[in-house]
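Q: Next up is a structure, given as structure tokens.
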2 protein chains.
Amino acid sequence: MANSVKDLMDFYKDVEREVYLDIENSAPVASDVLEEMLPYFTTRAYGNPGVTHKLGWEAYETVMDAAETIAKYIGASTAEEINFTPGDTEANNLALLGVALASRRDKGKVVISEIEHLSIINIVPLLKRMGFEVVKIPVDGEGFIDLDALSDAVDKDTILVSINMANHEIGTIEPLKEAVEIVRDRNPDAYIHSDASDAYGRIPIDVSSLGIDLMTLSSYKILGPRGVGALYVREGVRIERIIEGQVGTQRLWPGIENTPLIVGFRKASDLMFKDFEKLRGYLGSLRDRLIKGILDSVDDTILNGPQGDKRAPDNINISFLRSEGEALTIELSLYGVYASSGSACTRRMLTPSHVMTAIGREYEAAHGSILMKVTRLHTMDDIDYVLEVLPKAVERIRSITPSGGD
Amino acid sequence: MANSVKDLMDFYKDVEREVYLDIENSAPVASDVLEEMLPYFTTRAYGNPGVTHKLGWEAYETVMDAAETIAKYIGASTAEEINFTPGDTEANNLALLGVALASRRDKGKVVISEIEHLSIINIVPLLKRMGFEVVKIPVDGEGFIDLDALSDAVDKDTILVSINMANHEIGTIEPLKEAVEIVRDRNPDAYIHSDASDAYGRIPIDVSSLGIDLMTLSSYKILGPRGVGALYVREGVRIERIIEGQVGTQRLWPGIENTPLIVGFRKASDLMFKDFEKLRGYLGSLRDRLIKGILDSVDDTILNGPQGDKRAPDNINISFLRSEGEALTIELSLYGVYASSGSACTRRMLTPSHVMTAIGREYEAAHGSILMKVTRLHTMDDIDYVLEVLPKAVERIRSITPSGGD
């Protein structure tokens with residue numbers, strides 16, 4: 001492996017420009033975020049918030065202040081409703097398994113959409129093992145959940161409904177307000193969780209007016225550090241820890257609060273919400289220029305997910321027929337453009353993503369899809385560079401792909 | 001809260017020297033470790049190791065190289081046996097709950113020592129809920145486990161035995177080799193886990209010659225970053241994930257590998273093992289000077305835990321009779337010396353730690369205990385400063401403490 005990777009790396013020496021768009025699978029920390037974090041690693045507030053000395057008190061203030069700030073950004077009532085976790089995956093697990101554990105029932109029903117992130121989809125076997133029935137709500141060709149199916153699925157046995165706010169692969173902004181009304185109408189006692197990893201900082205969120213009980217927030221997707229995320233839990237929601245240990249300010253996730261990463265998460269949030277509407281507009285203009293540019297310049301392409309206001313402003317997902325997405329990813333990377341073929345779930349397996357299957361993409365379109373996300377640090381010049389090299393990359397991959405796909 | 005904390009902070013303005021010894025509860029990242037981490041946040045290897053482009057391949061190489069290095073330090077066979085987790089707490093939970101889940105039995109027995117960290121002790125109710133019997137092995141006055149009791153406890157129903165390598169509060173180095181022999185003799189199929197959070201990088205570890213199946217390793221306790229830890233799992237051990245999601249190189253903990261933190265963990269390890277025996281000797285000399293200095297200069301003191309080679313080289317834990325530990329912690333902090341009264345588990349509750357109770361400390365001694373740990377960055381001057389101010393702090397606290405204890 002080492003040698004082949006070194007050989008590959010030689011290809012990159014002549015790359016003049018680099019545009020990283022694989023935000024779905026991982027992201028750098030923005031330098032203005034890192035700068036804010038730095039003192040907290042070595043000199044500031046590095047104590048345990050539960051301990052009675054200067055470094056502990058500083059940490060307590062810092063963590064609670066970050067929680068209060070993030071609570072404000074999503075319309076939550078108190079800092080205590082924001083529960084920091086080691087990441088989005090842990091927040092989603094805590095929401096589903098924590099509510100299931102707390103229900104103190106051996107059975108019941110959990111309802112999710114069929115296009116949730118794998119950190120929800122893959123919990124299903126655990127929930128079933130605990131005795132719960134799990135129902136997946138289908139989506140239409142653009143990824144919108146079937147509200148009639150939701151209404152049919154929710155009943156008096158339903159303990160939890162989980163529907164993502166914006167889909168991680170195709171950007172679909174779900175009709176959450178309507179979904180919440182349906183769930184409340186069918187069963188006022190069922191909790192509603194939303195994975196907002198792809199919405200927080202990019203789509204307006206008000207948990208109070210939405211009537212959401214639990215919500216997952218991501219740090220790395222807004223260029224904050226990996227290693228931290230949050231689960232909003234409305235006061236009064238019955239939920240239990242899913243791992244145990246020493247409990248500090250974060251009653252739902254034990255272990256030492258990770259102050260430097262929490263500071264980064266907060267700073268990344270501040271930078272998204274500082275001039276929120278302007279930023280949203282900027283992201284949307286980058287997105288639309290990239291989508292239009294590709295659809296105009298490359299034939300046999302299909303946009304995955306909806307357009308305009310119903311799509312997350314940072315999401316671009318396009319299928320290139322007659323080309324294999326993984327190969328196209330590699331070819332693009334030789335031009336310094338980093339994207340992915342759907343989510344990284346399928347490392348070395350090359351099975352199409354469950355999201356692509358759910359919206360009805362056939363084998364060829366599902367395999368030829370490329371996922372890109374733009375951030376506040378991307379420029380129009382970045383987009384123009386991608387539009388310059390992408391057609392060449394597609395042409396080359398198509399030229400070496402056996403006709404009729406595989 | 002905010003105002004009182006600001007008032008407290010004013011006290012610290014005149015502190016001339018600061019000596020942070022509360023490594024048990026949290027720690028700064030050493031600046032040489034942070035320096036190594038920095039490029040990985042913003043410019044290097046920030047991709048997902050599962051994705052086929054430059055930043056992904058760089059990440060794959062970096063993560064696997066760190067795993068291989070850490071494997072070598074503990075005598076493990078392969079990089080795949082090192083499973084990175086978000087921390088020690090998660091590694092301990094994965095070991096106990098993951099083995100219990102994989103046993104595919106509704107009952108069985110788990111044996112632990114009664115002085116394990118709370119991230120093991122507090123799992124007991126979950127294990128019981130899953131149908132397992134849990135037996136706690138008592139310890140003697142210095143914290144050494146009762147090997148006869150261990151022999152009595154382990155039987156054919158035992159699926160897992162968990163004994164810490166060095167105790168987090170009192171530094172006791174457990175007779176693991178003898179314990180492993182006893183367990184193997186009683187039940188060759190039982191797995192053996194050791195929480196080595198307080199041993200890794202300070203006590204020689206060879207999982208192969210010890211015959212250990214699972215081992216928890218800590219990053220922050222050797223001045224690496226929080227947010228990462230590891231569970232060694234011997235090849236062939238049956239264990240399942242305890243949370244679900246997108247699985248990359250780390251098959252036992254889903255989510256994106258945290259490359260910058262893994263790099264820090266690896267660098268912190270390198271710095272401990274570079275000149276290991278010399279460092280161990282240095283830590284031991286700091287420890288012994290501090291212990292002897294305190295016992296010589298302050299009356300009515302009791303060392304908690306053993307002395308010499310049977311004690312972790314970084315651990316100092318002393319009970320000051322006629323003084324309340326929490327108050328003493330605050331008083332010490334006004335001199336710039338940061339320590340804690342046992343572990344931070346008991347925030348605002350002031351109940352004595354289960355470790356103090358297990359070694360037979362009565363109320364007064366348990367409440368008056370101060371825990372300190374030294375690191376490779378501490379100096380003899382630091383120790384001398386602590387020895388200068390600590391007697392004054394104890395004298396003042398004793399003067400305001402009602403006679404007869406509380």
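Identifiers in the structure tokens: chain A, B, ... in order shown; residue index from 1 per chain; ligand index from 1 in order shown.
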Could you give me, as a list of chain:residue names, the residues within 6 Å of stretch 301-317 of chain B, counting only C-alpha atoms and dropping anything in the same chain fewer than 2 positions from it?
A: B:Glu142, B:Ile170, B:Gly171, B:Thr172, B:Ile173, B:Leu283, B:Gly284, B:Arg287, B:Asp299, B:Ser319, B:Phe320, B:Ile370, B:Leu371, B:Met372, B:Lys373, B:Val374
Q: Just write the chosen residues, all heavy atoms, as a short mmCIF file (atom, residue, chain, number, x, y, z; two decimals), in the first residue's frame.
A:
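For reference, part_13.cif as written:
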```
data_model
loop_
_atom_site.label_atom_id
_atom_site.label_comp_id
_atom_site.auth_asym_id
_atom_site.auth_seq_id
_atom_site.Cartn_x
_atom_site.Cartn_y
_atom_site.Cartn_z
N GLU B 142 -3.76 -1.24 50.23
CA GLU B 142 -2.97 -0.49 49.24
C GLU B 142 -3.57 -0.57 47.85
O GLU B 142 -2.99 -0.06 46.89
CB GLU B 142 -1.53 -1.01 49.24
CG GLU B 142 -0.75 -0.60 50.49
CD GLU B 142 0.73 -0.98 50.39
OE1 GLU B 142 1.03 -2.04 49.81
OE2 GLU B 142 1.56 -0.20 50.88
N ILE B 170 -5.02 5.92 43.08
CA ILE B 170 -3.97 5.65 44.06
C ILE B 170 -2.74 4.97 43.47
O ILE B 170 -1.82 4.60 44.19
CB ILE B 170 -4.53 4.82 45.25
CG1 ILE B 170 -5.15 3.51 44.75
CG2 ILE B 170 -5.54 5.65 46.04
CD1 ILE B 170 -5.61 2.59 45.88
N GLY B 171 -2.72 4.81 42.14
CA GLY B 171 -1.49 4.39 41.45
C GLY B 171 -1.08 2.93 41.61
O GLY B 171 -0.02 2.54 41.09
N THR B 172 -1.87 2.14 42.29
CA THR B 172 -1.53 0.74 42.52
C THR B 172 -1.34 -0.03 41.21
O THR B 172 -2.24 -0.04 40.36
CB THR B 172 -2.65 0.04 43.32
OG1 THR B 172 -3.00 0.87 44.42
CG2 THR B 172 -2.21 -1.35 43.78
N ILE B 173 -0.16 -0.64 41.04
CA ILE B 173 0.07 -1.47 39.85
C ILE B 173 -0.36 -2.89 40.19
O ILE B 173 0.23 -3.56 41.03
CB ILE B 173 1.55 -1.43 39.41
CG1 ILE B 173 1.94 0.02 39.06
CG2 ILE B 173 1.78 -2.36 38.21
CD1 ILE B 173 3.40 0.20 38.69
N LEU B 283 10.03 10.57 36.20
CA LEU B 283 8.70 10.73 36.80
C LEU B 283 8.72 10.21 38.24
O LEU B 283 8.21 10.87 39.16
CB LEU B 283 7.64 9.97 35.99
CG LEU B 283 7.33 10.49 34.59
CD1 LEU B 283 6.34 9.57 33.87
CD2 LEU B 283 6.77 11.92 34.63
N GLY B 284 9.33 9.06 38.44
CA GLY B 284 9.40 8.47 39.77
C GLY B 284 10.14 9.35 40.76
O GLY B 284 9.77 9.44 41.94
N ARG B 287 7.84 12.19 41.69
CA ARG B 287 6.81 11.63 42.58
C ARG B 287 7.35 11.44 43.99
O ARG B 287 6.74 11.89 44.97
CB ARG B 287 6.34 10.28 42.02
CG ARG B 287 5.39 9.52 42.92
CD ARG B 287 5.30 8.04 42.52
NE ARG B 287 6.56 7.33 42.80
CZ ARG B 287 6.79 6.07 42.49
NH1 ARG B 287 5.88 5.37 41.85
NH2 ARG B 287 7.96 5.50 42.79
N ASP B 299 2.09 17.24 59.29
CA ASP B 299 1.72 16.12 60.16
C ASP B 299 0.31 15.63 59.85
O ASP B 299 -0.43 16.26 59.09
CB ASP B 299 1.87 16.50 61.64
CG ASP B 299 1.03 17.73 61.99
OD1 ASP B 299 0.29 18.21 61.10
OD2 ASP B 299 1.15 18.23 63.12
N SER B 319 -3.77 11.81 51.98
CA SER B 319 -4.88 12.31 52.80
C SER B 319 -4.33 13.25 53.88
O SER B 319 -3.37 12.91 54.58
CB SER B 319 -5.62 11.16 53.46
OG SER B 319 -6.39 10.46 52.50
N PHE B 320 -4.94 14.40 53.99
CA PHE B 320 -4.59 15.37 55.02
C PHE B 320 -5.71 15.35 56.04
O PHE B 320 -6.81 15.86 55.77
CB PHE B 320 -4.43 16.77 54.41
CG PHE B 320 -3.32 16.85 53.39
CD1 PHE B 320 -3.55 16.51 52.06
CD2 PHE B 320 -2.04 17.24 53.77
CE1 PHE B 320 -2.53 16.57 51.13
CE2 PHE B 320 -1.01 17.30 52.84
CZ PHE B 320 -1.26 16.96 51.51
N ILE B 370 -5.89 14.38 48.54
CA ILE B 370 -5.52 15.22 47.40
C ILE B 370 -4.78 14.35 46.39
O ILE B 370 -3.84 13.64 46.74
CB ILE B 370 -4.62 16.39 47.85
CG1 ILE B 370 -5.39 17.34 48.76
CG2 ILE B 370 -4.05 17.15 46.65
CD1 ILE B 370 -6.45 18.18 48.08
N LEU B 371 -5.23 14.41 45.14
CA LEU B 371 -4.64 13.61 44.06
C LEU B 371 -3.85 14.51 43.12
O LEU B 371 -4.36 15.54 42.66
CB LEU B 371 -5.77 12.90 43.29
CG LEU B 371 -5.42 12.17 42.00
CD1 LEU B 371 -4.38 11.09 42.23
CD2 LEU B 371 -6.68 11.58 41.37
N MET B 372 -2.60 14.12 42.87
CA MET B 372 -1.76 14.88 41.94
C MET B 372 -1.03 13.90 41.03
O MET B 372 -0.71 12.79 41.43
CB MET B 372 -0.73 15.71 42.73
CG MET B 372 -1.37 16.73 43.66
SD MET B 372 -0.19 17.65 44.68
CE MET B 372 -0.09 16.56 46.12
N LYS B 373 -0.79 14.33 39.78
CA LYS B 373 0.02 13.51 38.88
C LYS B 373 1.06 14.38 38.21
O LYS B 373 0.77 15.51 37.82
CB LYS B 373 -0.87 12.82 37.84
CG LYS B 373 -1.70 11.70 38.44
CD LYS B 373 -2.56 10.99 37.43
CE LYS B 373 -3.47 10.03 38.19
NZ LYS B 373 -4.45 9.37 37.33
N VAL B 374 2.27 13.82 38.08
CA VAL B 374 3.35 14.56 37.43
C VAL B 374 3.50 14.07 35.98
O VAL B 374 3.11 12.96 35.64
CB VAL B 374 4.69 14.41 38.19
CG1 VAL B 374 4.61 15.14 39.53
CG2 VAL B 374 5.05 12.94 38.39
#
```
Q: Would you pick out the contacts of stretch 266-268 of chain B at 7 Å or less, using only C-alpha atoms, so that residues sharing its chain but fewer than 4 positions from it are not included, and give the list as a short mmCIF file (atom, residue, chain, number, x, y, z; two decimals) with N, CA and C atoms, in the first residue's frame?
A:
```cif
data_model
loop_
_atom_site.label_atom_id
_atom_site.label_comp_id
_atom_site.auth_asym_id
_atom_site.auth_seq_id
_atom_site.Cartn_x
_atom_site.Cartn_y
_atom_site.Cartn_z
N VAL B 33 3.35 18.33 21.16
CA VAL B 33 2.31 17.47 20.58
C VAL B 33 1.40 18.31 19.68
N ALA B 66 -0.16 5.53 12.60
CA ALA B 66 -0.31 5.79 14.04
C ALA B 66 -0.70 4.50 14.76
N ILE B 70 1.49 2.63 17.71
CA ILE B 70 0.96 2.38 19.05
C ILE B 70 0.91 0.87 19.33
N ILE B 222 -1.18 11.28 28.83
CA ILE B 222 0.23 11.47 28.48
C ILE B 222 0.40 12.77 27.68
N LEU B 223 -0.51 13.72 27.92
CA LEU B 223 -0.44 15.06 27.33
C LEU B 223 -0.73 15.08 25.83
N GLY B 224 -1.38 14.03 25.36
CA GLY B 224 -1.98 14.06 24.02
C GLY B 224 -3.33 14.72 24.13
N ILE B 262 -5.62 11.76 16.33
CA ILE B 262 -4.87 10.50 16.28
C ILE B 262 -3.38 10.81 16.13
N MET B 272 6.78 9.72 24.99
CA MET B 272 6.91 8.93 26.21
C MET B 272 7.87 7.76 26.00
#
```
Q: So how many Å separate atom CA of A:Ser31 and atom CA of A:Val19, to one decimal?
A: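 So the answer is 15.9 Å.
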Q: Using DSSP secondary structure from the backbone, list all helix (DSSP H, G or I) positions within stretch 80-261 of chain A, as an MDAnalysis selection string.
A: chainID A and resid 80:81 88:102 118:121 124:129 147:153 176:186 207:210 220:222 259:261
Q: Given the choices A:Ala45, A:Val51, A:Ala230, A:Val183, which gets closest to A:Val111 if the distance is worked out from only C-alpha atoms?
A: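 Selected residue with least distance to A:Val111: A:Val183.
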Q: For B:Ser194, which of B:Glu16, B:Glu81, B:Asp213, B:Asp22 is the closest residue, counting only C-alpha atoms?
A: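 Nearest candidate to B:Ser194 out of B:Glu16, B:Glu81, B:Asp213, B:Asp22: B:Asp213.
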Q: Residues within 10 Å of stretch 321-328 of chain B, please, as a PyMOL selection string. Count only C-alpha atoms; anything in the same chain fewer than 3 positions from it doesn't count.
A: (chain A and resi 51-53) or (chain B and resi 299-302+318+331-334+339-342+347-348+350+363-371+390+393-406)
Q: Which residue is closest to B:Arg289? Choose from B:Ile359, B:Met380, B:Val237, B:Val337 and count only C-alpha atoms.
A: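 Of B:Ile359, B:Met380, B:Val237, B:Val337, the one nearest B:Arg289 is B:Met380, counting only C-alpha atoms.
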Q: Check the smallest atom-to-atom distance from each of B:Arg129, B:Arg361, B:Arg186, B:Lys107 to chain A using only C-alpha atoms, then report the winner.
A: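 Ranking B:Arg129, B:Arg361, B:Arg186, B:Lys107 by distance to chain A, first place goes to B:Arg129.
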Q: So, with only C-alpha atoms as the atoms that count, which of A:Gly211, A:Pro138, A:Gly227, A:Gly143 lies closest to chain B?
A: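 Of A:Gly211, A:Pro138, A:Gly227, A:Gly143, the one nearest chain B is A:Gly227, counting only C-alpha atoms.
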Q: Which residues are close to A:Ile192, i.e. within 12 Å by only C-alpha atoms, leaving aside same-chain residues fewer than 4 positions away? Reply as an MDAnalysis selection string.
A: chainID A and resid 95:96 99 110:112 154 158:165 176:177 179:184 187:188 207 210:216 232:234 237
Q: Write out the residues from the selection above, keeping N, CA, C and O atoms, as a CSV table (one decimal), in the first residue's frame.
A:
```csv
chain,number,residue,atom,x,y,z
A,95,ALA,N,-29.8,9.7,20.3
A,95,ALA,CA,-31.2,10.1,20.1
A,95,ALA,C,-32.0,8.8,20.0
A,95,ALA,O,-33.0,8.7,20.8
A,96,LEU,N,-31.6,7.9,19.1
A,96,LEU,CA,-32.5,6.8,18.9
A,96,LEU,C,-32.4,5.7,20.0
A,96,LEU,O,-33.4,5.3,20.5
A,99,VAL,N,-33.6,7.2,23.6
A,99,VAL,CA,-35.0,7.3,23.7
A,99,VAL,C,-35.6,5.9,23.9
A,99,VAL,O,-36.5,5.7,24.7
A,110,VAL,N,-40.5,2.5,16.0
A,110,VAL,CA,-39.6,3.7,15.6
A,110,VAL,C,-39.8,3.9,14.1
A,110,VAL,O,-39.8,2.9,13.3
A,111,VAL,N,-40.1,5.1,13.7
A,111,VAL,CA,-40.3,5.5,12.3
A,111,VAL,C,-39.2,6.4,11.8
A,111,VAL,O,-38.9,7.4,12.5
A,112,ILE,N,-38.5,6.0,10.7
A,112,ILE,CA,-37.5,6.8,10.2
A,112,ILE,C,-37.7,6.9,8.7
A,112,ILE,O,-38.5,6.2,8.1
A,154,VAL,N,-47.4,6.1,11.7
A,154,VAL,CA,-47.3,6.5,13.1
A,154,VAL,C,-48.6,6.1,13.8
A,154,VAL,O,-49.7,6.4,13.3
A,158,THR,N,-46.0,4.1,18.6
A,158,THR,CA,-44.8,4.8,18.1
A,158,THR,C,-44.2,5.6,19.2
A,158,THR,O,-44.8,6.5,19.8
A,159,ILE,N,-42.9,5.4,19.5
A,159,ILE,CA,-42.2,6.1,20.5
A,159,ILE,C,-41.3,7.3,19.9
A,159,ILE,O,-41.1,8.2,20.6
A,160,LEU,N,-40.9,7.1,18.7
A,160,LEU,CA,-40.0,8.1,18.1
A,160,LEU,C,-40.1,8.1,16.6
A,160,LEU,O,-40.2,7.0,15.9
A,161,VAL,N,-40.0,9.3,16.0
A,161,VAL,CA,-40.0,9.5,14.6
A,161,VAL,C,-38.7,10.3,14.3
A,161,VAL,O,-38.4,11.3,15.0
A,162,SER,N,-37.9,9.8,13.3
A,162,SER,CA,-36.6,10.5,13.0
A,162,SER,C,-36.6,10.8,11.5
A,162,SER,O,-36.6,9.9,10.7
A,163,ILE,N,-36.6,12.1,11.2
A,163,ILE,CA,-36.5,12.5,9.8
A,163,ILE,C,-35.5,13.6,9.7
A,163,ILE,O,-35.5,14.6,10.4
A,164,ASN,N,-34.5,13.4,8.7
A,164,ASN,CA,-33.5,14.4,8.6
A,164,ASN,C,-34.0,15.7,8.1
A,164,ASN,O,-35.0,15.8,7.3
A,165,MET,N,-33.4,16.8,8.4
A,165,MET,CA,-33.8,18.1,8.0
A,165,MET,C,-33.4,18.4,6.6
A,165,MET,O,-34.3,18.8,5.8
A,176,LEU,N,-40.5,19.3,7.3
A,176,LEU,CA,-40.6,18.9,8.7
A,176,LEU,C,-41.8,19.5,9.4
A,176,LEU,O,-42.4,18.8,10.3
A,177,LYS,N,-42.2,20.7,9.1
A,177,LYS,CA,-43.3,21.3,9.8
A,177,LYS,C,-44.6,20.5,9.6
A,177,LYS,O,-45.3,20.1,10.6
A,179,ALA,N,-44.6,17.3,8.7
A,179,ALA,CA,-44.4,16.0,9.2
A,179,ALA,C,-44.6,16.1,10.8
A,179,ALA,O,-45.3,15.1,11.3
A,180,VAL,N,-44.2,17.1,11.4
A,180,VAL,CA,-44.4,17.2,12.9
A,180,VAL,C,-45.9,17.3,13.2
A,180,VAL,O,-46.4,16.6,14.1
A,181,GLU,N,-46.7,18.1,12.4
A,181,GLU,CA,-48.1,18.1,12.6
A,181,GLU,C,-48.8,16.8,12.4
A,181,GLU,O,-49.7,16.4,13.2
A,182,ILE,N,-48.4,16.0,11.4
A,182,ILE,CA,-49.0,14.7,11.2
A,182,ILE,C,-48.7,13.8,12.4
A,182,ILE,O,-49.5,13.1,12.9
A,183,VAL,N,-47.4,13.8,12.8
A,183,VAL,CA,-47.0,12.9,14.0
A,183,VAL,C,-47.8,13.3,15.2
A,183,VAL,O,-48.3,12.5,15.9
A,184,ARG,N,-47.9,14.6,15.5
A,184,ARG,CA,-48.6,15.1,16.7
A,184,ARG,C,-50.1,14.7,16.7
A,184,ARG,O,-50.7,14.3,17.7
A,187,ASN,N,-50.1,10.8,17.2
A,187,ASN,CA,-49.7,10.3,18.5
A,187,ASN,C,-48.9,11.5,19.2
A,187,ASN,O,-47.7,11.6,19.0
A,188,PRO,N,-49.6,12.2,20.1
A,188,PRO,CA,-49.0,13.4,20.7
A,188,PRO,C,-47.8,13.0,21.6
A,188,PRO,O,-47.0,13.8,22.0
A,207,VAL,N,-36.2,25.2,16.8
A,207,VAL,CA,-36.8,24.0,17.3
A,207,VAL,C,-38.1,24.2,18.0
A,207,VAL,O,-39.0,23.4,18.0
A,210,LEU,N,-40.9,24.8,15.3
A,210,LEU,CA,-41.0,23.5,14.6
A,210,LEU,C,-41.7,22.4,15.5
A,210,LEU,O,-42.3,21.5,15.0
A,211,GLY,N,-41.4,22.5,16.8
A,211,GLY,CA,-42.0,21.5,17.7
A,211,GLY,C,-41.2,20.2,17.7
A,211,GLY,O,-41.7,19.1,17.9
A,212,ILE,N,-39.9,20.3,17.5
A,212,ILE,CA,-39.0,19.2,17.4
A,212,ILE,C,-38.5,18.9,18.9
A,212,ILE,O,-38.2,19.8,19.7
A,213,ASP,N,-38.3,17.6,19.2
A,213,ASP,CA,-37.9,17.2,20.6
A,213,ASP,C,-36.4,17.0,20.7
A,213,ASP,O,-35.8,17.2,21.7
A,214,LEU,N,-35.8,16.4,19.6
A,214,LEU,CA,-34.4,16.2,19.6
A,214,LEU,C,-33.8,16.5,18.2
A,214,LEU,O,-34.4,16.3,17.2
A,215,MET,N,-32.6,17.1,18.2
A,215,MET,CA,-32.0,17.4,17.0
A,215,MET,C,-30.5,17.3,17.0
A,215,MET,O,-29.8,17.7,17.9
A,216,THR,N,-29.9,16.7,15.9
A,216,THR,CA,-28.5,16.4,15.8
A,216,THR,C,-27.8,17.6,15.1
A,216,THR,O,-28.3,18.0,14.0
A,232,TYR,N,-29.5,18.3,20.5
A,232,TYR,CA,-30.5,19.1,21.3
A,232,TYR,C,-31.5,18.2,21.8
A,232,TYR,O,-32.0,17.3,21.1
A,233,VAL,N,-31.8,18.3,23.1
A,233,VAL,CA,-32.8,17.5,23.8
A,233,VAL,C,-33.7,18.5,24.5
A,233,VAL,O,-33.3,19.1,25.5
A,234,ARG,N,-35.0,18.6,24.1
A,234,ARG,CA,-35.9,19.5,24.7
A,234,ARG,C,-36.1,19.1,26.2
A,234,ARG,O,-36.1,17.9,26.5
A,237,VAL,N,-37.8,15.7,27.9
A,237,VAL,CA,-37.7,14.5,27.1
A,237,VAL,C,-37.1,13.4,27.9
A,237,VAL,O,-36.0,13.6,28.5
```
Q: Measuring between only C-alpha atoms, which one of A:Pro254, A:Gly201, A:Gly264, A:Gly98 shows the shortest distance to A:Val228?
A: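 Among A:Pro254, A:Gly201, A:Gly264, A:Gly98, it is A:Gly264 that comes nearest to A:Val228.
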Q: Set the distance at 10 Å and use only C-alpha atoms: which residues neighbour A:Lys109 once local chain neighbours fewer than 4 positions away are removed? I'd like the list as a tab-separated table (two decimals) with N, CA, C and O atoms, in the first residue's frame.
A:
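Writing the result to part_18.tsv gives the following:
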```tsv
chain	number	residue	atom	x	y	z
A	100	ALA	N	-35.08	4.96	23.08
A	100	ALA	CA	-35.58	3.58	23.16
A	100	ALA	C	-35.34	3.00	24.56
A	100	ALA	O	-36.24	2.39	25.15
A	127	LEU	N	-32.10	-1.70	17.31
A	127	LEU	CA	-33.46	-1.41	17.79
A	127	LEU	C	-34.34	-2.67	17.71
A	127	LEU	O	-35.12	-2.96	18.63
A	128	LYS	N	-34.19	-3.41	16.62
A	128	LYS	CA	-34.98	-4.64	16.48
A	128	LYS	C	-34.60	-5.65	17.54
A	128	LYS	O	-35.46	-6.33	18.12
A	131	GLY	N	-36.30	-5.22	20.56
A	131	GLY	CA	-37.73	-5.55	20.51
A	131	GLY	C	-38.59	-4.54	19.78
A	131	GLY	O	-39.81	-4.69	19.72
A	132	PHE	N	-37.96	-3.51	19.22
A	132	PHE	CA	-38.75	-2.48	18.55
A	132	PHE	C	-38.99	-2.81	17.09
A	132	PHE	O	-38.14	-3.41	16.42
A	133	GLU	N	-40.15	-2.42	16.61
A	133	GLU	CA	-40.44	-2.49	15.18
A	133	GLU	C	-39.93	-1.19	14.56
A	133	GLU	O	-40.05	-0.12	15.16
A	134	VAL	N	-39.33	-1.29	13.39
A	134	VAL	CA	-38.85	-0.08	12.71
A	134	VAL	C	-39.51	0.01	11.34
A	134	VAL	O	-39.51	-0.95	10.58
A	135	VAL	N	-40.11	1.16	11.06
A	135	VAL	CA	-40.76	1.38	9.76
A	135	VAL	C	-40.00	2.48	9.03
A	135	VAL	O	-39.70	3.53	9.61
A	153	ALA	N	-47.97	5.25	9.10
A	153	ALA	CA	-47.01	4.50	9.93
A	153	ALA	C	-47.11	4.85	11.41
A	153	ALA	O	-46.94	3.98	12.28
A	154	VAL	N	-47.35	6.11	11.72
A	154	VAL	CA	-47.35	6.53	13.12
A	154	VAL	C	-48.64	6.09	13.81
A	154	VAL	O	-49.74	6.37	13.32
A	155	ASP	N	-48.48	5.40	14.91
A	155	ASP	CA	-49.66	4.95	15.67
A	155	ASP	C	-49.38	5.10	17.16
A	155	ASP	O	-48.36	5.67	17.55
A	156	LYS	N	-50.27	4.57	17.98
A	156	LYS	CA	-50.14	4.77	19.42
A	156	LYS	C	-48.92	4.05	20.01
A	156	LYS	O	-48.46	4.36	21.11
A	157	ASP	N	-48.37	3.07	19.27
A	157	ASP	CA	-47.18	2.36	19.74
A	157	ASP	C	-45.89	3.09	19.39
A	157	ASP	O	-44.80	2.68	19.82
A	158	THR	N	-46.00	4.13	18.57
A	158	THR	CA	-44.79	4.81	18.09
A	158	THR	C	-44.16	5.64	19.21
A	158	THR	O	-44.82	6.49	19.81
A	159	ILE	N	-42.87	5.36	19.48
A	159	ILE	CA	-42.18	6.13	20.52
A	159	ILE	C	-41.33	7.25	19.92
A	159	ILE	O	-41.07	8.25	20.58
A	160	LEU	N	-40.90	7.08	18.67
A	160	LEU	CA	-39.97	8.05	18.09
A	160	LEU	C	-40.08	8.07	16.56
A	160	LEU	O	-40.19	7.03	15.93
A	161	VAL	N	-40.03	9.29	16.02
A	161	VAL	CA	-39.97	9.48	14.57
A	161	VAL	C	-38.69	10.26	14.29
A	161	VAL	O	-38.41	11.25	14.95
A	190	ALA	N	-45.43	10.66	20.88
A	190	ALA	CA	-44.23	10.22	20.16
A	190	ALA	C	-43.23	11.38	20.10
A	190	ALA	O	-43.62	12.52	19.87
```
Q: Can you measure atom CA of B:Glu114 to atom CA of B:Thr357 for me? One decimal in Å is fine.
A: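 That distance, rounded to one decimal, is 9.8 Å.
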Q: How would you write, as a ChimeraX atom specification, the set of residues in stretch 137-281 of chain A that DSSP gives as strand (DSSP E)?
A: /A:137,158-162,191-195,214-218,229-233
Q: Give me the residues within 12 Å of B:Tyr40 as a list in words, counting only C-alpha atoms and dropping any in the same chain fewer than 4 places off.
A: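 The contact residues come out as Ala27, Pro28, Val29, Ala30, Ser31, Leu34, Pro225 and Arg226 of chain A; Leu34, Glu35, Glu36, Arg44, Ala45, Tyr46, Gly47, Leu55, Glu58, Ala59, Thr62, Val63, Asn258, Thr259, Pro260, Leu261, Ile262, Val263 and Gly264 of chain B.
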